[in-house]
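Novice: To start, I am sharing the structure in question, which I have written as structure tokens.
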Amino acid sequence: MPASFFNNEYLLSSLLNTLMQHGDIKHAESIFHESKQRTASVCATMMKGFITNDQADRAIEIFTHIRKPDAVNFIIFFNACAKLGRKETLSLIEKALKEIPLSFYSNPRLVTSLLDALMQCGDVRQAEIFFNTTKQKVLSMYGAMMKGYVTNNQADRAIDLFKQIKHPDEIVLIIFFNSCAQLRTTEALHLAGKVLKEIPSTFCSNTNLLTSALDALMQCKDVEQAESIFNASKQKVMG
């Protein structure tokens, strides 16, 4: 391979991404360490690749060696922390928060990944502080918080948050039904039934959403309604 190839970060990133997506971690690492063009973009590609290959800890290791991480690096770092879901990772998150430029907080993807990382690592209180102080909340942030509440066995709080959303998307609806399934209460069943009546017909083709709705109904003991929806569904998949 020509030496000039390693000086083109776009070609290098593309090659590393291809290798990582095909599970050739050893080859990707060899090229990465041989290259002098270890830019934020190239490092991001390696970090993402490690997460794809279930080696989130190695993605974090690369992040710690980036001198000036950009917003994408921080997003992937938080994704890696969320995937690990360890309380020990919180110290790394706290350290990263001290280094993030204030301008980065206007990036909804970054805030969403941060909330997800905090929640998955068990720091519900800190996640709530960031969420409540964020002025421009988007659906993905609500989704991260709701998912976090379910992870931390606080499904009732996920449902309370869901009630604040005017137009939930399919992902938020899936997390809502997961919350109902975790609660298994009459109130959760009533709310699940109400939401089912309001779901746009186009959403019904989403098998993940349908599966979560069926699970919620069954866990809340409404077998009849679950069977009715199951039998009416044209696209049945293995759960």
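Labels for the structure tokens follow display order: chains A, B, ..., residues from 1 in each chain, ligands from 1.
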Need the shell around Leu16 (chain A): protein/DNA/RNA residues with any atom at most 7 Å away, counting only C-alpha atoms. Skip same-chain ones fewer than 4 positions apart. Format as a list of chain:residue names?
Specialist: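 My list of contacting residues is A:Leu12, A:Met20, A:Ala28, A:Thr45, A:Met46.
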Novice: With N, CA and C atoms retained, could you export that selection as a compact mmCIF listing (two decimals), in the first residue's frame?
Specialist:
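That gives us selection-v9.txt:
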```
# COMPACT_ATOMS: atom_id res chain seq x y z
N LEU A 12 -8.22 6.63 4.68
CA LEU A 12 -7.82 5.84 5.84
C LEU A 12 -9.04 5.47 6.69
N MET A 20 -13.20 -2.91 10.22
CA MET A 20 -13.90 -3.09 11.49
C MET A 20 -15.28 -3.72 11.29
N ALA A 28 -7.02 -3.72 11.18
CA ALA A 28 -7.38 -2.30 11.35
C ALA A 28 -6.44 -1.64 12.35
N THR A 45 -13.50 6.63 13.92
CA THR A 45 -13.76 5.41 13.15
C THR A 45 -13.34 4.17 13.93
N MET A 46 -12.18 4.24 14.55
CA MET A 46 -11.70 3.10 15.34
C MET A 46 -12.58 2.88 16.56
```
Novice: With a distance cut-off of 7 Å and only C-alpha atoms, select the neighbouring residues of region 185-195 of chain A, excluding the residue or stretch itself and same-chain residues fewer than 3 positions from it, and output the selection as a list in words.
Specialist: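 Skipping anything fewer than 3 positions along the chain leaves Phe177, Cys180, Glu198, Ile199, Leu217 and Cys220 of chain A.
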Novice: When you look at region 75-87 of chain A with a cut-off of 12 Å (counting only C-alpha atoms), what residues show up, excluding the ones that are within fewer than 6 positions of it in the same chain? I need them as number ranges by chain.
Specialist: A: 40-41, 43-66, 69, 93-97, 100, 104-105, 107-124, 144, 147-148, 151-152
Novice: Pick the closest to Ser35 (chain A) from A:Leu11, A:Leu19, A:Met146, A:Leu209: which is it, counting only C-alpha atoms?
Specialist: A:Leu11
Novice: Write out as a list in words each polymer residue whose atoms come within 12 Å of Ala226 (chain A), counting only C-alpha atoms; drop sequence neighbours fewer than 5 positions from it.
Specialist: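 Listing them by chain and then by number gives Leu189, Ala192, Gly193, Leu196, Leu210, Thr211, Ser212, Ala213, Leu214, Asp215, Ala216, Leu217, Met218, Gln219, Cys220, Lys221, Asn231, Ala232 and Ser233 of chain A.
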Novice: Can I get the selected residues back with N, CA and C atoms, as an mmCIF file, in the first residue's frame?
Specialist:
```cif
data_model
loop_
_atom_site.group_PDB
_atom_site.id
_atom_site.type_symbol
_atom_site.label_atom_id
_atom_site.label_comp_id
_atom_site.auth_asym_id
_atom_site.auth_seq_id
_atom_site.Cartn_x
_atom_site.Cartn_y
_atom_site.Cartn_z
ATOM 1 N N LEU A 189 -51.880 -0.897 32.194
ATOM 2 C CA LEU A 189 -52.706 -1.541 31.172
ATOM 3 C C LEU A 189 -53.681 -0.548 30.556
ATOM 4 N N ALA A 192 -51.720 1.791 28.338
ATOM 5 C CA ALA A 192 -51.267 1.093 27.132
ATOM 6 C C ALA A 192 -52.405 0.977 26.129
ATOM 7 N N GLY A 193 -53.594 0.658 26.632
ATOM 8 C CA GLY A 193 -54.763 0.551 25.759
ATOM 9 C C GLY A 193 -55.114 1.873 25.113
ATOM 10 N N LEU A 196 -52.513 2.675 22.404
ATOM 11 C CA LEU A 196 -52.714 1.823 21.232
ATOM 12 C C LEU A 196 -53.774 2.387 20.290
ATOM 13 N N LEU A 210 -44.822 -3.557 17.645
ATOM 14 C CA LEU A 210 -45.911 -4.511 17.849
ATOM 15 C C LEU A 210 -45.542 -5.533 18.924
ATOM 16 N N THR A 211 -44.306 -6.008 18.887
ATOM 17 C CA THR A 211 -43.841 -6.977 19.878
ATOM 18 C C THR A 211 -43.865 -6.392 21.284
ATOM 19 N N SER A 212 -43.405 -5.149 21.423
ATOM 20 C CA SER A 212 -43.388 -4.510 22.744
ATOM 21 C C SER A 212 -44.804 -4.257 23.253
ATOM 22 N N ALA A 213 -45.736 -3.934 22.338
ATOM 23 C CA ALA A 213 -47.132 -3.719 22.729
ATOM 24 C C ALA A 213 -47.759 -5.025 23.216
ATOM 25 N N LEU A 214 -47.497 -6.108 22.498
ATOM 26 C CA LEU A 214 -48.017 -7.420 22.893
ATOM 27 C C LEU A 214 -47.458 -7.837 24.253
ATOM 28 N N ASP A 215 -46.169 -7.571 24.455
ATOM 29 C CA ASP A 215 -45.532 -7.913 25.730
ATOM 30 C C ASP A 215 -46.169 -7.131 26.873
ATOM 31 N N ALA A 216 -46.429 -5.841 26.633
ATOM 32 C CA ALA A 216 -47.055 -5.004 27.660
ATOM 33 C C ALA A 216 -48.436 -5.534 28.032
ATOM 34 N N LEU A 217 -49.232 -5.861 27.031
ATOM 35 C CA LEU A 217 -50.583 -6.373 27.275
ATOM 36 C C LEU A 217 -50.540 -7.703 28.028
ATOM 37 N N MET A 218 -49.656 -8.583 27.624
ATOM 38 C CA MET A 218 -49.559 -9.890 28.274
ATOM 39 C C MET A 218 -49.054 -9.772 29.716
ATOM 40 N N GLN A 219 -48.051 -8.924 29.925
ATOM 41 C CA GLN A 219 -47.515 -8.747 31.279
ATOM 42 C C GLN A 219 -48.536 -8.094 32.202
ATOM 43 N N CYS A 220 -49.434 -7.298 31.608
ATOM 44 C CA CYS A 220 -50.493 -6.642 32.387
ATOM 45 C C CYS A 220 -51.776 -7.479 32.429
ATOM 46 N N LYS A 221 -51.670 -8.730 31.970
ATOM 47 C CA LYS A 221 -52.749 -9.725 32.066
ATOM 48 C C LYS A 221 -53.923 -9.523 31.111
ATOM 49 N N ASN A 231 -53.486 -11.865 16.271
ATOM 50 C CA ASN A 231 -54.191 -12.549 15.180
ATOM 51 C C ASN A 231 -54.472 -11.622 14.000
ATOM 52 N N ALA A 232 -54.632 -10.323 14.303
ATOM 53 C CA ALA A 232 -54.918 -9.355 13.242
ATOM 54 C C ALA A 232 -53.656 -8.913 12.510
ATOM 55 N N SER A 233 -52.497 -9.201 13.119
ATOM 56 C CA SER A 233 -51.226 -8.789 12.520
ATOM 57 C C SER A 233 -50.872 -9.666 11.328
#
```
Novice: Which is closer to Gln154 (chain A) than all the others in A:Ser179, A:Met141, A:Asn206, A:Glu170, using only C-alpha atoms?
Specialist: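 Residue with the minimum atom-to-atom distance to Gln154 (chain A): A:Ser179.
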Novice: Find the residue from A:Glu29, A:Asp160, A:Ile171, A:Phe131 that sits nearest to Gly143 (chain A); use only C-alpha atoms when measuring.
Specialist: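 Between A:Glu29, A:Asp160, A:Ile171, A:Phe131, the residue approaching Gly143 (chain A) most closely is A:Ile171.
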Novice: Name the residues of region 93-206 of chain A that come out as alpha helix (DSSP H) in a backbone DSSP run; write them as an mmCIF file with C-alpha atoms, in the first residue's frame.
Specialist:
```cif
data_model
loop_
_atom_site.group_PDB
_atom_site.id
_atom_site.type_symbol
_atom_site.label_atom_id
_atom_site.label_comp_id
_atom_site.auth_asym_id
_atom_site.auth_seq_id
_atom_site.Cartn_x
_atom_site.Cartn_y
_atom_site.Cartn_z
ATOM 1 C CA ILE A 93 -17.667 10.508 32.187
ATOM 2 C CA GLU A 94 -17.189 13.143 34.891
ATOM 3 C CA LYS A 95 -13.660 13.807 33.654
ATOM 4 C CA ALA A 96 -14.893 14.164 30.065
ATOM 5 C CA LEU A 97 -17.619 16.589 31.159
ATOM 6 C CA LYS A 98 -14.971 18.938 32.529
ATOM 7 C CA GLU A 99 -13.297 19.030 29.109
ATOM 8 C CA PRO A 108 -28.765 17.250 20.670
ATOM 9 C CA ARG A 109 -26.991 14.027 19.673
ATOM 10 C CA LEU A 110 -24.240 14.696 22.201
ATOM 11 C CA VAL A 111 -26.683 15.494 25.003
ATOM 12 C CA THR A 112 -28.712 12.374 24.167
ATOM 13 C CA SER A 113 -25.630 10.140 24.279
ATOM 14 C CA LEU A 114 -24.548 11.755 27.556
ATOM 15 C CA LEU A 115 -27.959 11.144 29.149
ATOM 16 C CA ASP A 116 -27.892 7.550 27.943
ATOM 17 C CA ALA A 117 -24.402 7.001 29.367
ATOM 18 C CA LEU A 118 -25.300 8.429 32.768
ATOM 19 C CA MET A 119 -28.519 6.434 32.974
ATOM 20 C CA GLN A 120 -27.005 3.142 31.845
ATOM 21 C CA VAL A 124 -30.031 8.822 37.470
ATOM 22 C CA ARG A 125 -29.753 12.025 39.486
ATOM 23 C CA GLN A 126 -27.017 13.547 37.324
ATOM 24 C CA ALA A 127 -28.884 12.591 34.151
ATOM 25 C CA GLU A 128 -32.015 14.303 35.475
ATOM 26 C CA ILE A 129 -30.058 17.468 36.216
ATOM 27 C CA PHE A 130 -28.729 17.641 32.650
ATOM 28 C CA PHE A 131 -32.135 16.797 31.190
ATOM 29 C CA ASN A 132 -33.999 19.395 33.249
ATOM 30 C CA THR A 133 -31.493 22.150 32.479
ATOM 31 C CA LEU A 139 -37.453 13.141 21.317
ATOM 32 C CA SER A 140 -34.179 11.230 21.477
ATOM 33 C CA MET A 141 -33.452 12.834 24.867
ATOM 34 C CA TYR A 142 -36.825 11.741 26.205
ATOM 35 C CA GLY A 143 -36.109 8.278 24.832
ATOM 36 C CA ALA A 144 -32.720 8.098 26.567
ATOM 37 C CA MET A 145 -34.256 9.144 29.883
ATOM 38 C CA MET A 146 -37.179 6.717 29.585
ATOM 39 C CA LYS A 147 -34.874 3.855 28.633
ATOM 40 C CA GLY A 148 -32.672 4.748 31.586
ATOM 41 C CA TYR A 149 -35.571 4.698 34.017
ATOM 42 C CA VAL A 150 -36.541 1.225 32.791
ATOM 43 C CA THR A 151 -32.921 0.052 33.174
ATOM 44 C CA ALA A 155 -40.643 2.330 34.921
ATOM 45 C CA ASP A 156 -43.270 4.520 36.590
ATOM 46 C CA ARG A 157 -41.044 7.556 36.049
ATOM 47 C CA ALA A 158 -40.558 6.589 32.408
ATOM 48 C CA ILE A 159 -44.330 6.619 31.976
ATOM 49 C CA ASP A 160 -44.606 9.989 33.743
ATOM 50 C CA LEU A 161 -42.085 11.386 31.278
ATOM 51 C CA PHE A 162 -43.924 9.808 28.358
ATOM 52 C CA GLU A 170 -41.855 4.720 17.237
ATOM 53 C CA ILE A 171 -38.758 4.390 19.424
ATOM 54 C CA VAL A 172 -40.356 6.288 22.304
ATOM 55 C CA LEU A 173 -43.517 4.195 21.966
ATOM 56 C CA ILE A 174 -41.480 0.985 22.165
ATOM 57 C CA ILE A 175 -39.810 2.176 25.374
ATOM 58 C CA PHE A 176 -43.231 3.200 26.734
ATOM 59 C CA PHE A 177 -44.647 -0.294 26.188
ATOM 60 C CA ASN A 178 -41.498 -1.781 27.759
ATOM 61 C CA SER A 179 -42.211 0.410 30.783
ATOM 62 C CA CYS A 180 -45.787 -0.860 30.995
ATOM 63 C CA ALA A 181 -44.536 -4.443 30.760
ATOM 64 C CA GLN A 182 -42.168 -3.824 33.661
ATOM 65 C CA LEU A 183 -44.873 -2.264 35.865
ATOM 66 C CA THR A 186 -53.904 -1.969 36.028
ATOM 67 C CA GLU A 187 -52.996 1.680 35.473
ATOM 68 C CA ALA A 188 -50.248 0.686 33.032
ATOM 69 C CA LEU A 189 -52.706 -1.541 31.172
ATOM 70 C CA HIS A 190 -55.250 1.269 30.916
ATOM 71 C CA LEU A 191 -52.626 3.678 29.580
ATOM 72 C CA ALA A 192 -51.267 1.093 27.132
ATOM 73 C CA GLY A 193 -54.763 0.551 25.759
ATOM 74 C CA LYS A 194 -55.283 4.281 25.381
ATOM 75 C CA VAL A 195 -51.981 4.749 23.550
ATOM 76 C CA LEU A 196 -52.714 1.823 21.232
ATOM 77 C CA LYS A 197 -55.854 3.596 20.046
ATOM 78 C CA GLU A 198 -53.859 6.739 19.236
#
```
